[in-house]
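Have a look at entry-v7.txt below; it lists compact mmCIF, C-alpha atoms and all ligand atoms.
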# COMPACT_ATOMS: atom_id res chain seq x y z
CA MET A 1 3.20 29.03 -18.47
CA SER A 2 -0.10 30.37 -17.16
CA GLY A 3 -0.24 32.05 -13.77
CA GLU A 4 -2.24 29.24 -12.28
CA VAL A 5 0.24 26.60 -13.38
CA ALA A 6 3.16 28.63 -12.05
CA ASN A 7 1.39 28.92 -8.70
CA ASN A 8 0.78 25.19 -8.56
CA VAL A 9 4.43 24.48 -9.13
CA GLN A 10 5.44 26.97 -6.50
CA ASP A 11 2.98 25.53 -3.98
CA LEU A 12 4.43 22.10 -4.53
CA SER A 13 8.02 23.13 -3.97
CA ILE A 14 7.19 25.14 -0.86
CA GLN A 15 5.29 22.16 0.50
CA GLU A 16 8.12 19.77 -0.38
CA ASN A 17 10.77 21.95 1.25
CA HIS A 18 8.68 22.05 4.36
CA ILE A 19 8.31 18.27 4.30
CA LYS A 20 12.04 17.79 3.75
CA LYS A 21 12.95 20.02 6.65
CA SER A 22 10.57 18.38 9.05
CA ILE A 23 11.53 14.87 7.93
CA HIS A 24 15.10 15.53 8.98
CA LYS A 25 14.34 16.92 12.40
CA GLU A 26 15.94 14.68 15.01
CA ASP A 27 12.83 13.79 17.00
CA ASP A 28 10.73 12.93 13.95
CA ASP A 29 9.85 9.70 12.23
CA HIS A 30 11.37 9.22 8.80
CA VAL A 31 9.02 8.15 6.02
CA ASP A 32 9.86 8.03 2.32
CA PRO A 33 9.28 5.38 -0.37
CA TRP A 34 12.48 3.55 0.65
CA ASN A 35 12.82 4.02 4.40
CA VAL A 36 10.49 3.97 7.35
CA VAL A 37 12.04 4.50 10.77
CA SER A 38 10.26 5.63 13.89
CA LYS A 39 11.83 6.65 17.17
CA SER A 40 8.85 5.39 19.13
CA ASP A 41 8.07 1.80 20.18
CA THR A 42 4.46 2.26 19.16
CA GLY A 43 5.56 3.21 15.64
CA VAL A 44 5.08 6.19 13.38
CA ASP A 45 3.02 9.15 14.60
CA TYR A 46 0.41 9.12 11.85
CA ASP A 47 -1.42 12.28 12.89
CA LYS A 48 1.84 14.18 12.51
CA LEU A 49 2.32 12.60 9.09
CA ILE A 50 -1.08 13.87 7.94
CA LEU A 51 -0.01 17.38 8.89
CA LYS A 52 3.39 17.00 7.21
CA PHE A 53 2.01 15.57 3.99
CA GLY A 54 -1.04 17.82 3.92
CA SER A 55 -3.53 14.97 3.44
CA SER A 56 -6.86 14.54 5.26
CA LYS A 57 -7.77 12.24 8.13
CA ILE A 58 -10.24 9.45 7.44
CA ASP A 59 -12.75 10.48 10.09
CA ASP A 60 -16.06 9.09 11.30
CA GLU A 61 -17.93 11.39 8.97
CA LEU A 62 -16.17 9.98 5.90
CA LEU A 63 -16.73 6.41 7.09
CA ALA A 64 -20.42 7.12 7.69
CA ARG A 65 -20.71 8.56 4.19
CA PHE A 66 -18.91 5.50 2.80
CA GLU A 67 -21.56 3.27 4.40
CA LYS A 68 -24.44 5.46 3.32
CA VAL A 69 -23.29 5.68 -0.30
CA THR A 70 -22.37 2.00 -0.72
CA GLY A 71 -25.03 0.55 1.58
CA LYS A 72 -22.37 -1.77 3.06
CA PRO A 73 -20.52 -1.77 6.38
CA VAL A 74 -16.97 -0.49 5.87
CA HIS A 75 -14.11 -2.97 5.81
CA HIS A 76 -12.38 -3.50 9.17
CA LEU A 77 -9.15 -2.10 7.71
CA LEU A 78 -11.01 1.21 7.36
CA ARG A 79 -13.03 0.84 10.54
CA ARG A 80 -9.91 0.17 12.64
CA GLY A 81 -7.97 3.02 11.10
CA PHE A 82 -5.30 1.09 9.16
CA PHE A 83 -6.36 3.22 6.27
CA PHE A 84 -6.15 6.49 8.10
CA SER A 85 -5.59 9.25 5.56
CA HIS A 86 -6.99 10.25 2.17
CA ARG A 87 -7.04 12.80 -0.57
CA ASP A 88 -10.31 13.63 -2.36
CA MET A 89 -12.16 10.48 -1.25
CA HIS A 90 -15.34 12.56 -1.00
CA SER A 91 -15.16 13.32 -4.73
CA ILE A 92 -14.99 9.60 -5.53
CA LEU A 93 -18.04 8.91 -3.33
CA THR A 94 -19.88 11.73 -5.07
CA ARG A 95 -19.02 10.24 -8.47
CA TYR A 96 -20.29 6.87 -7.28
CA GLU A 97 -23.55 8.47 -6.12
CA GLN A 98 -23.91 10.11 -9.51
CA GLY A 99 -23.23 6.85 -11.32
CA LYS A 100 -20.09 8.28 -12.96
CA PRO A 101 -17.18 5.94 -13.64
CA PHE A 102 -13.80 5.75 -11.91
CA TYR A 103 -11.17 3.05 -11.60
CA LEU A 104 -8.81 1.74 -8.96
CA TYR A 105 -5.04 1.85 -9.42
CA THR A 106 -2.49 0.18 -7.18
CA GLY A 107 0.89 -1.46 -7.58
CA ARG A 108 3.69 -3.56 -6.27
CA GLY A 109 7.45 -3.33 -6.56
CA PRO A 110 8.64 -6.94 -6.91
CA SER A 111 11.70 -7.24 -4.66
CA SER A 112 11.24 -10.85 -3.52
CA SER A 113 9.61 -13.87 -5.16
CA SER A 114 7.12 -14.28 -2.35
CA MET A 115 5.03 -11.48 -0.95
CA HIS A 116 4.70 -11.04 2.80
CA LEU A 117 1.79 -10.40 5.15
CA GLY A 118 2.25 -6.63 4.99
CA HIS A 119 1.92 -6.63 1.20
CA LEU A 120 -1.48 -8.22 1.56
CA ILE A 121 -2.99 -5.15 3.24
CA PRO A 122 -3.47 -2.78 0.27
CA PHE A 123 -4.57 -5.66 -1.95
CA THR A 124 -7.12 -6.83 0.61
CA LEU A 125 -8.68 -3.38 0.64
CA CYS A 126 -8.50 -3.13 -3.17
CA LYS A 127 -10.36 -6.39 -3.52
CA TRP A 128 -13.06 -5.11 -1.16
CA LEU A 129 -13.29 -1.77 -3.00
CA GLN A 130 -13.50 -3.57 -6.33
CA ASP A 131 -16.42 -5.67 -5.05
CA VAL A 132 -18.22 -2.78 -3.36
CA PHE A 133 -17.87 -0.25 -6.19
CA ASN A 134 -17.89 -2.83 -8.97
CA CYS A 135 -15.13 -0.99 -10.81
CA PRO A 136 -12.06 -1.85 -12.89
CA LEU A 137 -8.64 -2.15 -11.24
CA VAL A 138 -5.20 -1.76 -12.79
CA ILE A 139 -2.16 -3.14 -10.95
CA GLN A 140 1.32 -1.97 -11.89
CA LEU A 141 4.28 -4.28 -11.26
CA THR A 142 7.25 -1.93 -11.10
CA ASP A 143 9.95 -4.42 -12.08
CA ASP A 144 11.82 -1.45 -13.59
CA GLU A 145 11.81 0.35 -10.23
CA LYS A 146 13.23 -2.63 -8.38
CA THR A 147 15.94 -3.14 -11.03
CA LEU A 148 17.02 0.45 -10.50
CA TRP A 149 16.90 0.44 -6.70
CA LYS A 150 17.89 -3.11 -5.74
CA GLU A 151 20.70 -5.48 -6.61
CA LEU A 152 18.56 -7.15 -9.26
CA THR A 153 19.01 -7.66 -12.99
CA VAL A 154 16.22 -6.79 -15.42
CA GLU A 155 15.50 -10.50 -15.86
CA GLU A 156 15.37 -11.24 -12.14
CA ALA A 157 13.02 -8.36 -11.37
CA TYR A 158 10.75 -9.27 -14.26
CA LYS A 159 10.54 -12.86 -13.04
CA MET A 160 9.78 -11.79 -9.48
CA GLY A 161 7.02 -9.59 -10.86
CA LEU A 162 5.35 -12.62 -12.44
CA GLU A 163 5.66 -14.57 -9.19
CA ASN A 164 4.14 -11.65 -7.29
CA ALA A 165 1.30 -11.46 -9.80
CA LYS A 166 0.29 -14.96 -8.68
CA ASP A 167 0.24 -13.86 -5.03
CA ILE A 168 -1.88 -10.90 -6.06
CA ILE A 169 -4.33 -13.01 -8.08
CA ALA A 170 -4.63 -15.33 -5.06
CA CYS A 171 -6.15 -12.40 -3.13
CA GLY A 172 -9.29 -13.13 -5.12
CA PHE A 173 -9.45 -10.42 -7.78
CA ASP A 174 -12.12 -10.71 -10.44
CA VAL A 175 -10.44 -11.52 -13.75
CA ASN A 176 -13.14 -9.60 -15.62
CA LYS A 177 -12.33 -6.40 -13.75
CA THR A 178 -8.56 -6.59 -13.17
CA PHE A 179 -5.56 -5.84 -15.37
CA ILE A 180 -2.11 -6.62 -13.98
CA PHE A 181 0.87 -5.36 -15.97
CA SER A 182 4.64 -5.50 -15.77
CA ASP A 183 6.31 -2.22 -16.74
CA PHE A 184 8.95 -4.14 -18.71
CA THR A 185 6.29 -5.73 -20.89
CA TYR A 186 3.41 -3.29 -21.10
CA ILE A 187 5.30 -0.03 -21.77
CA GLY A 188 6.63 -1.54 -25.00
CA GLN A 189 3.19 -2.85 -25.92
CA ARG A 190 1.15 0.33 -25.87
CA PRO A 191 2.57 3.63 -27.17
CA GLU A 192 -0.20 5.49 -25.29
CA PHE A 193 1.48 4.65 -22.00
CA TYR A 194 4.91 5.86 -23.12
CA ARG A 195 3.46 9.05 -24.59
CA ASN A 196 1.76 9.90 -21.29
CA MET A 197 5.02 9.15 -19.48
CA ILE A 198 6.82 11.71 -21.61
CA ARG A 199 4.00 14.24 -21.12
CA ILE A 200 4.51 13.86 -17.37
CA GLN A 201 8.31 13.98 -17.62
CA LYS A 202 7.98 17.24 -19.53
CA CYS A 203 6.12 18.79 -16.57
CA VAL A 204 8.56 17.96 -13.77
CA THR A 205 12.02 19.43 -13.27
CA PHE A 206 15.07 17.75 -11.72
CA ASN A 207 14.85 20.34 -8.99
CA GLN A 208 11.33 19.22 -8.11
CA VAL A 209 12.14 15.49 -7.89
CA LYS A 210 15.24 16.37 -5.87
CA GLY A 211 12.93 18.11 -3.41
CA ILE A 212 10.35 15.34 -3.37
CA PHE A 213 12.58 12.25 -3.41
CA GLY A 214 15.95 13.49 -2.17
CA PHE A 215 17.81 12.67 -5.41
CA ASP A 216 21.24 14.23 -5.87
CA ASP A 217 23.91 14.61 -8.53
CA SER A 218 25.11 11.03 -8.16
CA THR A 219 21.64 9.47 -8.53
CA VAL A 220 21.43 7.30 -11.67
CA ILE A 221 19.20 8.89 -14.31
CA GLY A 222 16.82 5.91 -14.35
CA LYS A 223 15.75 6.75 -10.80
CA ILE A 224 15.33 10.41 -11.66
CA ALA A 225 12.94 9.54 -14.49
CA PHE A 226 11.10 6.76 -12.64
CA PRO A 227 8.50 8.82 -10.72
CA ALA A 228 6.83 9.54 -14.06
CA VAL A 229 6.44 5.78 -14.63
CA GLN A 230 4.52 5.36 -11.39
CA ALA A 231 2.43 8.45 -12.18
CA THR A 232 1.38 7.31 -15.67
CA PRO A 233 -1.26 4.68 -14.68
CA ALA A 234 -3.20 7.53 -13.02
CA LEU A 235 -3.98 8.75 -16.57
CA SER A 236 -6.75 6.51 -17.92
CA THR A 237 -5.64 6.99 -21.53
CA SER A 238 -2.52 4.96 -20.72
CA PHE A 239 -4.85 1.94 -21.02
CA PRO A 240 -6.53 2.34 -24.43
CA ASP A 241 -7.77 -1.28 -24.45
CA THR A 242 -9.66 -0.67 -21.22
CA PHE A 243 -10.70 2.99 -21.31
CA GLY A 244 -10.28 3.99 -24.95
CA THR A 245 -9.56 7.72 -25.09
CA LYS A 246 -11.84 8.59 -22.16
CA LYS A 247 -10.42 10.61 -19.29
CA ILE A 248 -11.63 8.82 -16.17
CA PRO A 249 -10.39 9.63 -12.65
CA CYS A 250 -8.86 6.99 -10.40
CA LEU A 251 -8.62 6.11 -6.73
CA ILE A 252 -5.25 4.86 -5.50
CA PRO A 253 -5.09 2.76 -2.32
CA CYS A 254 -1.46 2.65 -1.16
CA ALA A 255 0.78 2.73 1.89
CA ILE A 256 1.52 6.29 3.04
CA ASP A 257 5.17 6.02 1.96
CA GLN A 258 4.02 6.11 -1.68
CA ASP A 259 2.43 9.52 -1.25
CA PRO A 260 5.44 11.48 -2.61
CA TYR A 261 4.85 9.88 -6.04
CA PHE A 262 1.25 10.90 -6.00
CA ARG A 263 1.80 14.43 -4.70
CA MET A 264 3.83 14.83 -7.87
CA THR A 265 1.11 13.12 -9.94
CA ARG A 266 -1.60 15.34 -8.49
CA ASP A 267 0.44 18.41 -9.31
CA VAL A 268 0.85 17.33 -12.94
CA CYS A 269 -2.60 15.88 -13.76
CA PRO A 270 -4.57 19.15 -14.06
CA ARG A 271 -1.91 20.54 -16.36
CA LEU A 272 -2.51 17.61 -18.71
CA GLY A 273 -6.29 17.93 -18.53
CA PHE A 274 -6.86 15.04 -16.10
CA ASP A 275 -8.48 14.96 -12.68
CA LYS A 276 -6.13 14.58 -9.75
CA PRO A 277 -6.13 10.97 -8.51
CA ALA A 278 -7.83 10.38 -5.16
CA LEU A 279 -5.88 8.44 -2.53
CA LEU A 280 -6.45 6.17 0.43
CA HIS A 281 -3.33 5.86 2.61
CA SER A 282 -2.56 2.91 4.86
CA LYS A 283 -0.31 2.67 7.87
CA PHE A 284 2.67 0.33 7.75
CA PHE A 285 2.53 -3.28 8.72
CA PRO A 286 4.93 -3.55 11.66
CA ALA A 287 7.97 -5.83 11.62
CA LEU A 288 7.92 -8.84 13.96
CA GLN A 289 10.56 -7.16 16.12
CA GLY A 290 8.39 -4.14 16.79
CA ALA A 291 6.65 -1.15 15.28
CA LYS A 292 9.80 0.96 14.87
CA THR A 293 10.14 -0.37 11.32
CA LYS A 294 7.81 -1.89 8.78
CA MET A 295 7.87 -5.50 7.66
CA SER A 296 10.45 -5.81 4.91
CA ALA A 297 11.13 -8.59 2.41
CA SER A 298 14.87 -8.14 2.81
CA GLU A 299 14.77 -8.98 6.55
CA ALA A 300 13.79 -12.66 6.72
CA ASN A 301 13.56 -12.74 10.53
CA SER A 302 11.26 -9.74 10.74
CA THR A 303 8.97 -11.06 8.06
CA ILE A 304 6.23 -13.62 7.56
CA PHE A 305 6.21 -14.61 3.92
CA MET A 306 3.03 -15.85 2.25
CA SER A 307 5.09 -18.93 1.33
CA ASP A 308 6.13 -19.78 4.92
CA THR A 309 5.19 -23.24 6.19
CA PRO A 310 3.04 -23.56 9.33
CA LYS A 311 6.20 -24.55 11.18
CA GLN A 312 8.15 -21.51 10.00
CA LEU A 313 5.21 -19.30 10.91
CA LYS A 314 5.00 -20.75 14.40
CA ASN A 315 8.75 -20.44 14.99
CA LYS A 316 8.93 -16.87 13.74
CA ILE A 317 6.08 -15.71 15.94
CA ASN A 318 7.29 -17.57 19.01
CA LYS A 319 10.90 -16.47 18.57
CA HIS A 320 10.69 -12.98 17.09
CA ALA A 321 7.28 -11.38 17.69
CA PHE A 322 7.97 -8.50 20.07
CA SER A 323 6.07 -8.98 23.30
CA GLY A 324 4.33 -6.33 25.34
CA GLY A 325 4.21 -8.74 28.27
CA GLN A 326 6.26 -8.89 31.45
CA THR A 327 9.44 -10.93 31.91
CA THR A 328 8.05 -13.45 34.41
CA VAL A 329 4.63 -15.08 34.71
CA GLU A 330 4.25 -13.66 38.23
CA GLU A 331 4.97 -10.14 37.08
CA HIS A 332 2.70 -10.55 34.08
CA ARG A 333 -0.21 -11.75 36.21
CA GLU A 334 0.33 -8.76 38.48
CA LEU A 335 1.08 -5.95 36.00
CA GLY A 336 -0.48 -7.22 32.78
CA GLY A 337 0.71 -6.75 29.19
CA ASN A 338 0.83 -3.72 26.89
CA CYS A 339 -1.26 -4.30 23.77
CA ASP A 340 -0.01 -1.12 22.07
CA LEU A 341 3.52 -2.53 22.00
CA ASP A 342 2.69 -6.19 21.55
CA ILE A 343 3.18 -7.23 17.93
CA SER A 344 1.00 -10.36 18.19
CA PHE A 345 -1.88 -8.22 19.35
CA GLN A 346 -1.19 -5.66 16.63
CA TYR A 347 -1.30 -8.40 13.99
CA LEU A 348 -4.59 -9.66 15.42
CA ARG A 349 -6.04 -6.20 14.79
CA PHE A 350 -5.35 -6.80 11.09
CA PHE A 351 -6.49 -10.39 10.85
CA LEU A 352 -9.16 -10.97 13.51
CA GLU A 353 -12.32 -9.38 12.16
CA ASP A 354 -14.53 -10.11 15.17
CA ASP A 355 -14.54 -6.93 17.29
CA GLU A 356 -15.90 -8.63 20.39
CA LYS A 357 -13.27 -11.38 20.39
CA LEU A 358 -10.53 -8.84 19.83
CA GLU A 359 -11.76 -6.72 22.71
CA GLU A 360 -11.89 -9.76 24.98
CA ILE A 361 -8.29 -10.62 24.12
CA ARG A 362 -7.25 -7.01 24.74
CA ARG A 363 -8.92 -7.01 28.14
CA ASN A 364 -7.43 -10.33 29.19
CA TYR A 365 -3.92 -9.51 28.04
CA THR A 366 -3.98 -6.06 29.62
CA SER A 367 -5.13 -7.49 32.95
CA GLY A 368 -2.50 -10.22 32.90
CA GLN A 369 -5.00 -13.06 32.71
CA LEU A 370 -3.76 -14.00 29.23
CA LEU A 371 -0.06 -14.85 28.95
CA THR A 372 2.22 -13.94 26.03
CA GLY A 373 2.56 -17.58 24.94
CA GLU A 374 -1.22 -17.92 24.89
CA LEU A 375 -1.64 -14.73 22.90
CA LYS A 376 0.95 -15.92 20.39
CA LYS A 377 -0.91 -19.21 20.04
CA ILE A 378 -4.14 -17.36 19.21
CA LEU A 379 -2.30 -15.45 16.49
CA ILE A 380 -0.65 -18.60 15.11
CA ASP A 381 -4.05 -20.34 14.95
CA ILE A 382 -5.50 -17.44 13.00
CA LEU A 383 -2.59 -16.93 10.61
CA THR A 384 -1.93 -20.59 9.77
CA PRO A 385 -5.11 -21.00 7.68
CA VAL A 386 -4.53 -17.54 6.11
CA LEU A 387 -1.18 -18.80 4.77
CA THR A 388 -2.21 -22.34 3.86
CA SER A 389 -5.33 -21.31 2.00
CA HIS A 390 -3.38 -18.58 0.16
CA GLN A 391 -0.77 -21.17 -0.83
CA GLU A 392 -3.41 -23.60 -2.00
CA ILE A 393 -5.18 -21.02 -4.17
CA ARG A 394 -1.84 -19.77 -5.52
CA SER A 395 -0.67 -23.27 -6.45
CA LYS A 396 -3.74 -23.69 -8.66
CA ILE A 397 -3.12 -20.53 -10.70
CA THR A 398 -2.09 -21.65 -14.19
CA GLU A 399 0.13 -19.85 -16.70
CA GLU A 400 -3.03 -19.33 -18.71
CA THR A 401 -4.83 -17.53 -15.90
CA LEU A 402 -1.75 -15.39 -15.34
CA GLN A 403 -1.66 -14.53 -19.05
CA THR A 404 -5.34 -13.58 -19.03
CA PHE A 405 -4.89 -11.16 -16.12
CA MET A 406 -1.86 -9.66 -17.86
CA THR A 407 -3.40 -9.18 -21.31
CA PRO A 408 -4.43 -5.59 -22.17
CA ARG A 409 -8.17 -5.80 -22.68
CA LYS A 410 -11.60 -4.38 -22.03
CA LEU A 411 -12.73 -4.77 -18.41
CA CYS A 412 -16.30 -4.95 -17.20
N1 LIG B 501 6.44 1.73 -5.75
C1 LIG B 501 5.57 0.70 -5.27
C2 LIG B 501 6.41 -0.33 -4.49
O1 LIG B 501 7.60 -0.23 -4.37
C3 LIG B 501 4.84 0.00 -6.39
C4 LIG B 501 3.71 0.82 -6.97
C5 LIG B 501 3.59 1.23 -8.26
C6 LIG B 501 2.52 1.25 -6.29
N2 LIG B 501 2.44 1.89 -8.46
C7 LIG B 501 1.74 1.93 -7.28
C8 LIG B 501 2.04 1.10 -4.98
C9 LIG B 501 0.52 2.47 -6.95
C10 LIG B 501 0.80 1.65 -4.66
C11 LIG B 501 0.04 2.33 -5.63
O2 LIG B 501 5.88 -1.29 -3.96

Written as structure tokens, how would this file's structure read?
Amino acid sequence: MSGEVANNVQDLSIQENHIKKSIHKEDDDHVDPWNVVSKSDTGVDYDKLILKFGSSKIDDELLARFEKVTGKPVHHLLRRGFFFSHRDMHSILTRYEQGKPFYLYTGRGPSSSSMHLGHLIPFTLCKWLQDVFNCPLVIQLTDDEKTLWKELTVEEAYKMGLENAKDIIACGFDVNKTFIFSDFTYIGQRPEFYRNMIRIQKCVTFNQVKGIFGFDDSTVIGKIAFPAVQATPALSTSFPDTFGTKKIPCLIPCAIDQDPYFRMTRDVCPRLGFDKPALLHSKFFPALQGAKTKMSASEANSTIFMSDTPKQLKNKINKHAFSGGQTTVEEHRELGGNCDLDISFQYLRFFLEDDEKLEEIRRNYTSGQLLTGELKKILIDILTPVLTSHQEIRSKITEETLQTFMTPRKLC
């Protein structure tokens, strides 16, 4: 092992030990790929997380450079700070300026047949990035991961993956630039993927994944090996149909809880002669009951599914969306509502693109002029067409279209 490699490995374990210790401090938020719990009503402290994880803040300077390089206004998910942290985004922008290629990589662990509103966030940004940079995108469906972690059989997880692929396609991805693959199918199809997986597995010790993911002696061995599966799509040669044998770097938009996988990936890549993947990290989409936890497919009441009917949507928001308003109308008129705590307002920040309208709503709710029921109605009116048009597009996706997206092939 060369000195440089040994140093890299050491750096990683020191960093991970530090992360582990701070994650378990009483007053801290807990964020890992399986659990997100915050002690605060306004949710996770994301600035603290940047320090803990050692990533960089997406600041005004980066956003300005984004606009300068692409010649387009940045997406409101970036502008409003939902994507708040990054690694090496400047290098990707430099490559774009120089006309050098890169690709996008993202994924989805299929744990329910319908995706929910929160799942839409990374895909919405991916779609925008694909359009703006005009680059290929690979999407990994980790049906293997969900079989290992959830009460699901191989067959069930595989099937959910295909259902999720339809939700993903309905986000509007360009079929000429997008490859969606199920681990269960693709890994057996292309030996290049499996070979890269083993190359990665050879670089990472049990001790390291213990540190990064908290595995212990009773963890099933499938879980211990899995991080390499999620790392492999960051190596372009895992997709010979698309990239041939070229080593092309990638940009990974993901929720911040996925960062442990990619800290490991970034440690391994240079040792295998690949660039480290760049990352864009998003915040979590809050549960209906409040920002202490993220929206989760296993909690039906805290979740708006893409398949919900307008009536279900309306009931869930009216019944469960945590309100930052006062208990009586009189009190509300006098004291006003708290937009930082109010889930309906928080959702509007994701889905209402018009800055002026949003600001007007914020002002009126804060002053007490706008009541909670009225705010909820505004949200319902905005989300209803989001769901119905998604459902309509999804219902028109044929088996053939699905097959095309999922066939290994050259992308434009
Ligand atoms: N582990 C992710 C999940 O549970 C799925 C995933 C695989 C992913 N590869 C990814 C997410 C790359 C973001 C980026 O949903």

Once you count all atoms listed in the file, what closest atom pair and distance in Å to one decimal does each residue of chain A within 8 Å of ligand LIG 501 (chain B) have, with rows by chain and rising residue number, as a tab-separated table?
residue	atom	partner	partner_atom	distance
A:Pro33	CA	B:LIG501	O1	7.1
A:Trp34	CA	B:LIG501	O1	8.0
A:Tyr105	CA	B:LIG501	C9	6.1
A:Thr106	CA	B:LIG501	C11	3.7
A:Gly107	CA	B:LIG501	C6	3.4
A:Arg108	CA	B:LIG501	C3	3.7
A:Gly109	CA	B:LIG501	O2	3.7
A:Pro110	CA	B:LIG501	O2	6.9
A:Pro122	CA	B:LIG501	C10	7.9
A:Ile139	CA	B:LIG501	N2	7.3
A:Gln140	CA	B:LIG501	N2	5.3
A:Leu141	CA	B:LIG501	C5	6.3
A:Thr142	CA	B:LIG501	C5	5.6
A:Glu145	CA	B:LIG501	N1	7.1
A:Lys146	CA	B:LIG501	O1	7.3
A:Gln230	CA	B:LIG501	N2	5.0
A:Ala231	CA	B:LIG501	N2	7.5
A:Pro233	CA	B:LIG501	N2	7.8
A:Ile252	CA	B:LIG501	C11	5.9
A:Pro253	CA	B:LIG501	C11	6.1
A:Cys254	CA	B:LIG501	C10	4.3
A:Ala255	CA	B:LIG501	C10	6.6
A:Gln258	CA	B:LIG501	C10	6.3

Do you know which residues are at most 9 Å from region 337-351 of chain A counting all atoms listed in the file, after dropping those on the same chain fewer than 4 positions away, and could you put them as an MDAnalysis selection string?
chainID A and resid 41:43 76:77 80 82 121 285:291 317 321:326 332:333 355 358 361:362 364:368 370:372 375:376 378:380 382:383 386

Work out where the centre of an axis-aligned box around every listed atom of region 288-291 of chain A lies and how long its edges are once 4 Å is added on each side; give both in Å to one decimal as lines of an AutoDock Vina configuration file.
center_x = 8.6
center_y = -5.0
center_z = 15.4
size_x = 11.9
size_y = 15.7
size_z = 10.8

Can you tell me how far CA of Leu104 (chain A) sits from CA of Gln130 (chain A), in Å to one decimal?
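Straight-line distance from CA of Leu104 (chain A) to CA of Gln130 (chain A) works out to 7.6 Å.
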
Length of the CA of Leu402 (chain A) to CA of Glu151 (chain A) vector [Å]:
26.0 Å

Residue nearest Val31 (chain A) - candidates A:Glu192, A:Asp47, A:Asp59, A:Asp257, atoms counted: all atoms listed in the file:
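Between A:Glu192, A:Asp47, A:Asp59, A:Asp257, the residue approaching Val31 (chain A) most closely is A:Asp257.
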
Within 7 Å of Asp143 (chain A), counting all atoms listed in the file, which residues qualify if same-chain residues fewer than 6 places away don't, as an MDAnalysis selection string?
chainID A and resid 109:110 157:158 161 182:184

Those selected residues, please, written with C-alpha atoms and delivered as a PDB file, in the frame of the given file.
ATOM      1  CA  GLY A 109       7.450  -3.330  -6.560  1.00  0.00           C
ATOM      2  CA  PRO A 110       8.640  -6.940  -6.910  1.00  0.00           C
ATOM      3  CA  ALA A 157      13.020  -8.360 -11.370  1.00  0.00           C
ATOM      4  CA  TYR A 158      10.750  -9.270 -14.260  1.00  0.00           C
ATOM      5  CA  GLY A 161       7.020  -9.590 -10.860  1.00  0.00           C
ATOM      6  CA  SER A 182       4.640  -5.500 -15.770  1.00  0.00           C
ATOM      7  CA  ASP A 183       6.310  -2.220 -16.740  1.00  0.00           C
ATOM      8  CA  PHE A 184       8.950  -4.140 -18.710  1.00  0.00           C
TER       9      PHE A 184
END

Record the distance separating CA of Ala297 (chain A) and CA of Asp45 (chain A), expressed in Å with one decimal.
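One can read the CA of Ala297 (chain A) to CA of Asp45 (chain A) distance as 23.0 Å.
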
Across A:Phe66, A:Asp308, A:His281, A:Thr328, the smallest distance to Ile50 (chain A), with only C-alpha atoms counted, is shown by A:His281

With distances taken over only C-alpha atoms, which of A:Pro227, A:Gly211, A:Pro136, A:Pro249 is nearest to Arg95 (chain A)?
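Using only C-alpha atoms, the shortest distance to Arg95 (chain A) belongs to A:Pro249.
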
Could you list as an NGL selection string every residue that has an atom within 10 Å of (-12.3, -4.9, -5.0), using the file's coordinates and counting only C-alpha atoms?
:A and (104 or 123-137 or 171-174 or 177-178)

If you count all atoms listed in the file, which residues fall within 8 Å of Ile304 (chain A), apart from same-chain ones fewer than 2 positions away, as a ChimeraX atom specification?
/A:116-117,300-302,306,308,313,316

Dump region 327-336 of chain A with N, CA and C atoms to a file, as a short mmCIF file (atom, residue, chain, number, x, y, z; two decimals), in the first residue's frame.
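Result saved to selection-v3.cif:
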data_model
loop_
_atom_site.label_atom_id
_atom_site.label_comp_id
_atom_site.auth_asym_id
_atom_site.auth_seq_id
_atom_site.Cartn_x
_atom_site.Cartn_y
_atom_site.Cartn_z
N THR A 327 -54.26 28.43 18.59
CA THR A 327 -55.36 27.49 18.83
C THR A 327 -56.74 28.07 18.52
N THR A 328 -56.93 29.38 18.72
CA THR A 328 -58.22 29.97 18.37
C THR A 328 -58.02 31.06 17.32
N VAL A 329 -59.11 31.34 16.59
CA VAL A 329 -59.04 32.38 15.55
C VAL A 329 -58.63 33.72 16.17
N GLU A 330 -59.20 34.03 17.35
CA GLU A 330 -58.89 35.31 17.99
C GLU A 330 -57.39 35.43 18.28
N GLU A 331 -56.87 34.36 18.87
CA GLU A 331 -55.44 34.36 19.20
C GLU A 331 -54.60 34.46 17.93
N HIS A 332 -55.04 33.75 16.90
CA HIS A 332 -54.27 33.74 15.66
C HIS A 332 -54.23 35.13 15.04
N ARG A 333 -55.39 35.78 15.02
CA ARG A 333 -55.46 37.15 14.47
C ARG A 333 -54.52 38.08 15.24
N GLU A 334 -54.45 37.83 16.57
CA GLU A 334 -53.65 38.71 17.41
C GLU A 334 -52.15 38.40 17.33
N LEU A 335 -51.81 37.11 17.42
CA LEU A 335 -50.39 36.72 17.54
C LEU A 335 -49.77 36.28 16.22
N GLY A 336 -50.60 35.82 15.29
CA GLY A 336 -50.07 35.36 14.01
C GLY A 336 -49.52 33.95 14.07
#
